[in-house]
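**Student:** Enclosed is the structure file structure_30.cif (mmCIF, C-alpha atoms).
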```
data_input
#
loop_
_atom_site.label_atom_id
_atom_site.label_comp_id
_atom_site.auth_asym_id
_atom_site.auth_seq_id
_atom_site.Cartn_x
_atom_site.Cartn_y
_atom_site.Cartn_z
CA MET A 155 94.25 14.09 83.14
CA ALA A 156 90.76 14.02 81.67
CA ALA A 157 87.63 15.22 83.42
CA ARG A 158 83.95 15.09 82.59
CA LEU A 159 81.73 17.74 84.07
CA ALA A 160 77.97 17.88 84.47
CA ALA A 161 77.93 21.70 84.55
CA ALA A 162 76.80 23.42 81.39
CA PRO A 163 79.27 25.76 79.69
CA VAL A 164 77.11 28.78 80.53
CA ASP A 165 78.42 31.87 82.34
CA GLY A 166 81.65 30.06 83.26
CA ALA A 167 79.88 27.33 85.28
CA ALA A 168 81.86 24.53 83.64
CA ASN A 169 85.17 26.34 84.20
CA ALA A 170 84.28 26.93 87.86
CA ALA A 171 83.36 23.26 88.27
CA LEU A 172 86.64 22.21 86.63
CA ILE A 173 88.66 24.48 88.92
CA ALA A 174 86.85 23.08 91.97
CA LEU A 175 87.47 19.50 90.81
CA VAL A 176 91.17 20.06 90.14
CA ALA A 177 91.64 21.92 93.43
CA LYS A 178 90.02 19.08 95.35
CA SER A 179 92.05 16.44 93.49
CA PHE A 180 95.34 18.21 94.24
CA GLY A 181 94.40 19.29 97.76
CA VAL A 182 94.90 22.99 97.09
CA PRO A 183 92.55 25.97 97.45
CA LYS A 184 90.53 26.96 94.38
CA ARG A 185 92.50 30.20 94.11
CA ALA A 186 95.65 28.13 93.42
CA VAL A 187 94.17 26.80 90.15
CA THR A 188 94.04 29.05 87.09
CA ILE A 189 93.12 28.43 83.47
CA VAL A 190 96.16 29.30 81.37
CA ALA A 191 94.70 28.55 77.95
CA GLY A 192 91.42 27.39 76.48
CA GLU A 193 88.96 29.23 78.69
CA THR A 194 86.26 28.96 76.02
CA ALA A 195 87.61 25.80 74.36
CA ARG A 196 86.89 22.19 75.11
CA LEU A 197 90.56 21.46 75.85
CA LYS A 198 92.13 23.56 78.57
CA ARG A 199 95.56 24.08 80.10
CA LEU A 200 95.64 24.71 83.83
CA HIS A 201 98.25 25.92 86.29
CA VAL A 202 98.22 24.59 89.84
CA ALA A 203 100.28 26.66 92.27
CA GLY A 204 101.92 24.94 95.20
CA ASP A 205 104.73 22.59 96.17
CA THR A 206 105.94 21.32 92.80
CA PRO A 207 107.31 17.91 93.90
CA ALA A 208 104.16 17.15 95.89
CA LEU A 209 101.88 18.23 93.02
CA ALA A 210 103.90 16.15 90.54
CA GLU A 211 103.50 13.12 92.78
CA ILE A 212 99.73 13.63 92.97
CA ALA A 213 99.54 14.13 89.18
CA ALA A 214 101.46 10.91 88.59
CA ALA A 215 99.02 9.02 90.82
CA LEU A 216 95.95 10.28 88.89
#
```
Is it possible to give me this structure as C-alpha coordinates?
**Tutor:**
Amino acid sequence: MAARLAAAPVDGAANAALIALVAKSFGVPKRAVTIVAGETARLKRLHVAGDTPALAEIAAAL
(Lines of atoms letter the chains of each structure in order from A and count residues from 1; the text may use other names and numbers.)
(Lines give C-alpha, C1' and ligand atoms only; values in the text may rest on other atoms or scores of the structure.)
Protein backbone atom coordinates (compact mmCIF):
# COMPACT_ATOMS: atom_id res chain seq x y z
CA MET A 1 0.00 0.00 0.00
CA ALA A 2 1.29 3.47 -0.79
CA ALA A 3 0.17 6.66 0.91
CA ARG A 4 0.85 10.32 0.31
CA LEU A 5 0.58 12.65 3.25
CA ALA A 6 0.25 16.41 3.41
CA ALA A 7 1.74 16.59 6.92
CA ALA A 8 5.33 17.75 7.16
CA PRO A 9 7.85 15.35 8.68
CA VAL A 10 8.31 17.62 11.70
CA ASP A 11 7.93 16.44 15.30
CA GLY A 12 6.36 13.16 14.14
CA ALA A 13 3.39 14.85 12.43
CA ALA A 14 3.75 12.75 9.27
CA ASN A 15 4.00 9.52 11.27
CA ALA A 16 0.90 10.47 13.27
CA ALA A 17 -0.98 11.26 10.06
CA LEU A 18 0.10 7.92 8.56
CA ILE A 19 -1.05 6.01 11.63
CA ALA A 20 -4.41 7.80 11.54
CA LEU A 21 -4.82 7.04 7.82
CA VAL A 22 -3.96 3.35 8.20
CA ALA A 23 -6.20 2.98 11.26
CA LYS A 24 -9.12 4.53 9.40
CA SER A 25 -8.49 2.39 6.31
CA PHE A 26 -8.44 -0.83 8.34
CA GLY A 27 -11.21 0.18 10.73
CA VAL A 28 -9.08 -0.20 13.85
CA PRO A 29 -8.20 2.26 16.63
CA LYS A 30 -5.00 4.28 16.20
CA ARG A 31 -3.42 2.42 19.12
CA ALA A 32 -3.62 -0.80 17.06
CA VAL A 33 -1.19 0.59 14.45
CA THR A 34 2.52 0.78 15.24
CA ILE A 35 5.56 1.64 13.17
CA VAL A 36 7.85 -1.39 13.21
CA ALA A 37 10.66 0.00 11.07
CA GLY A 38 11.51 3.23 9.29
CA GLU A 39 10.23 5.77 11.79
CA THR A 40 12.54 8.44 10.34
CA ALA A 41 12.77 6.96 6.84
CA ARG A 42 10.60 7.56 3.83
CA LEU A 43 9.65 3.87 3.60
CA LYS A 44 8.03 2.40 6.68
CA ARG A 45 6.87 -0.99 7.91
CA LEU A 46 3.73 -1.01 10.01
CA HIS A 47 1.99 -3.55 12.22
CA VAL A 48 -1.79 -3.53 12.46
CA ALA A 49 -3.15 -5.49 15.42
CA GLY A 50 -6.51 -7.16 15.11
CA ASP A 51 -8.35 -10.04 13.47
CA THR A 52 -5.78 -11.33 10.98
CA PRO A 53 -8.18 -12.81 8.37
CA ALA A 54 -10.33 -9.67 8.37
CA LEU A 55 -7.28 -7.38 8.10
CA ALA A 56 -5.86 -9.50 5.27
CA GLU A 57 -9.15 -9.18 3.40
CA ILE A 58 -9.13 -5.40 3.81
CA ALA A 59 -5.47 -5.23 2.70
CA ALA A 60 -6.24 -7.26 -0.40
CA ALA A 61 -9.06 -4.87 -1.30
CA LEU A 62 -6.80 -1.78 -1.06
**Student:** Name the residues in contact with range 167-177 of chain A at a cut-off of 9 Å, using all atoms listed in the file, excluding same-chain residues fewer than 5 positions from it; report them as an MDAnalysis selection string.
**Tutor:** chainID A and resid 157:162 182:189 193:194 200 202
**Student:** So what does the PyMOL selection byres ((chain A and resi 204-213) around 9) actually pick up in this one, as an mmCIF file with C-alpha atoms, in the coordinates of the input?
**Tutor:**
```cif
data_model
loop_
_atom_site.group_PDB
_atom_site.id
_atom_site.type_symbol
_atom_site.label_atom_id
_atom_site.label_comp_id
_atom_site.auth_asym_id
_atom_site.auth_seq_id
_atom_site.Cartn_x
_atom_site.Cartn_y
_atom_site.Cartn_z
ATOM 1 C CA MET A 155 94.250 14.090 83.140
ATOM 2 C CA SER A 179 92.050 16.440 93.490
ATOM 3 C CA PHE A 180 95.340 18.210 94.240
ATOM 4 C CA GLY A 181 94.400 19.290 97.760
ATOM 5 C CA VAL A 182 94.900 22.990 97.090
ATOM 6 C CA ALA A 186 95.650 28.130 93.420
ATOM 7 C CA VAL A 202 98.220 24.590 89.840
ATOM 8 C CA ALA A 203 100.280 26.660 92.270
ATOM 9 C CA ALA A 214 101.460 10.910 88.590
ATOM 10 C CA ALA A 215 99.020 9.020 90.820
ATOM 11 C CA LEU A 216 95.950 10.280 88.890
#
```
**Student:** Excluding Val190 in chain A and residues on its chain fewer than 5 positions from it, collect all residues at most 9 Å away from it, counting all atoms listed in the file, and give them as a list in words.
**Tutor:**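 So, after excluding close chain neighbours, the residues are Lys198, Arg199, Leu200 and His201 of chain A.
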**Student:** Since fewer atoms than expected are present, regenerate N, CA, C and O atoms for range 164-179 of chain A and write them as an mmCIF file, in the coordinates of the input.
**Tutor:**
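Final file, result.cif:
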```cif
data_model
loop_
_atom_site.group_PDB
_atom_site.id
_atom_site.type_symbol
_atom_site.label_atom_id
_atom_site.label_comp_id
_atom_site.auth_asym_id
_atom_site.auth_seq_id
_atom_site.Cartn_x
_atom_site.Cartn_y
_atom_site.Cartn_z
ATOM 1 N N VAL A 164 77.845 27.518 80.554
ATOM 2 C CA VAL A 164 77.110 28.780 80.530
ATOM 3 C C VAL A 164 77.617 29.657 81.667
ATOM 4 O O VAL A 164 77.699 29.213 82.808
ATOM 5 N N ASP A 165 77.954 30.898 81.343
ATOM 6 C CA ASP A 165 78.420 31.870 82.340
ATOM 7 C C ASP A 165 79.597 31.354 83.162
ATOM 8 O O ASP A 165 79.710 31.660 84.347
ATOM 9 N N GLY A 166 80.455 30.529 82.570
ATOM 10 C CA GLY A 166 81.650 30.060 83.260
ATOM 11 C C GLY A 166 81.401 28.956 84.282
ATOM 12 O O GLY A 166 82.291 28.630 85.063
ATOM 13 N N ALA A 167 80.204 28.370 84.295
ATOM 14 C CA ALA A 167 79.880 27.330 85.280
ATOM 15 C C ALA A 167 80.765 26.105 85.110
ATOM 16 O O ALA A 167 81.218 25.519 86.101
ATOM 17 N N ALA A 168 81.022 25.714 83.881
ATOM 18 C CA ALA A 168 81.860 24.530 83.640
ATOM 19 C C ALA A 168 83.306 24.803 84.061
ATOM 20 O O ALA A 168 83.947 23.936 84.652
ATOM 21 N N ASN A 169 83.807 26.001 83.784
ATOM 22 C CA ASN A 169 85.170 26.340 84.200
ATOM 23 C C ASN A 169 85.274 26.353 85.722
ATOM 24 O O ASN A 169 86.250 25.867 86.285
ATOM 25 N N ALA A 170 84.272 26.897 86.393
ATOM 26 C CA ALA A 170 84.280 26.930 87.860
ATOM 27 C C ALA A 170 84.230 25.513 88.427
ATOM 28 O O ALA A 170 84.930 25.207 89.402
ATOM 29 N N ALA A 171 83.439 24.645 87.812
ATOM 30 C CA ALA A 171 83.360 23.260 88.270
ATOM 31 C C ALA A 171 84.688 22.539 88.041
ATOM 32 O O ALA A 171 85.123 21.747 88.884
ATOM 33 N N LEU A 172 85.341 22.819 86.914
ATOM 34 C CA LEU A 172 86.640 22.210 86.630
ATOM 35 C C LEU A 172 87.687 22.671 87.645
ATOM 36 O O LEU A 172 88.450 21.855 88.167
ATOM 37 N N ILE A 173 87.699 23.951 87.941
ATOM 38 C CA ILE A 173 88.660 24.480 88.920
ATOM 39 C C ILE A 173 88.420 23.846 90.281
ATOM 40 O O ILE A 173 89.372 23.446 90.966
ATOM 41 N N ALA A 174 87.165 23.706 90.679
ATOM 42 C CA ALA A 174 86.850 23.080 91.970
ATOM 43 C C ALA A 174 87.297 21.620 91.991
ATOM 44 O O ALA A 174 87.859 21.148 92.989
ATOM 45 N N LEU A 175 87.077 20.906 90.898
ATOM 46 C CA LEU A 175 87.470 19.500 90.810
ATOM 47 C C LEU A 175 88.993 19.339 90.896
ATOM 48 O O LEU A 175 89.497 18.499 91.645
ATOM 49 N N VAL A 176 89.711 20.151 90.150
ATOM 50 C CA VAL A 176 91.170 20.060 90.140
ATOM 51 C C VAL A 176 91.732 20.453 91.516
ATOM 52 O O VAL A 176 92.636 19.790 92.037
ATOM 53 N N ALA A 177 91.183 21.496 92.111
ATOM 54 C CA ALA A 177 91.640 21.920 93.430
ATOM 55 C C ALA A 177 91.438 20.818 94.462
ATOM 56 O O ALA A 177 92.328 20.532 95.269
ATOM 57 N N LYS A 178 90.297 20.172 94.418
ATOM 58 C CA LYS A 178 90.020 19.080 95.350
ATOM 59 C C LYS A 178 90.957 17.897 95.102
ATOM 60 O O LYS A 178 91.488 17.309 96.042
ATOM 61 N N SER A 179 91.185 17.572 93.843
ATOM 62 C CA SER A 179 92.050 16.440 93.490
ATOM 63 C C SER A 179 93.487 16.661 93.950
ATOM 64 O O SER A 179 94.162 15.713 94.360
#
```
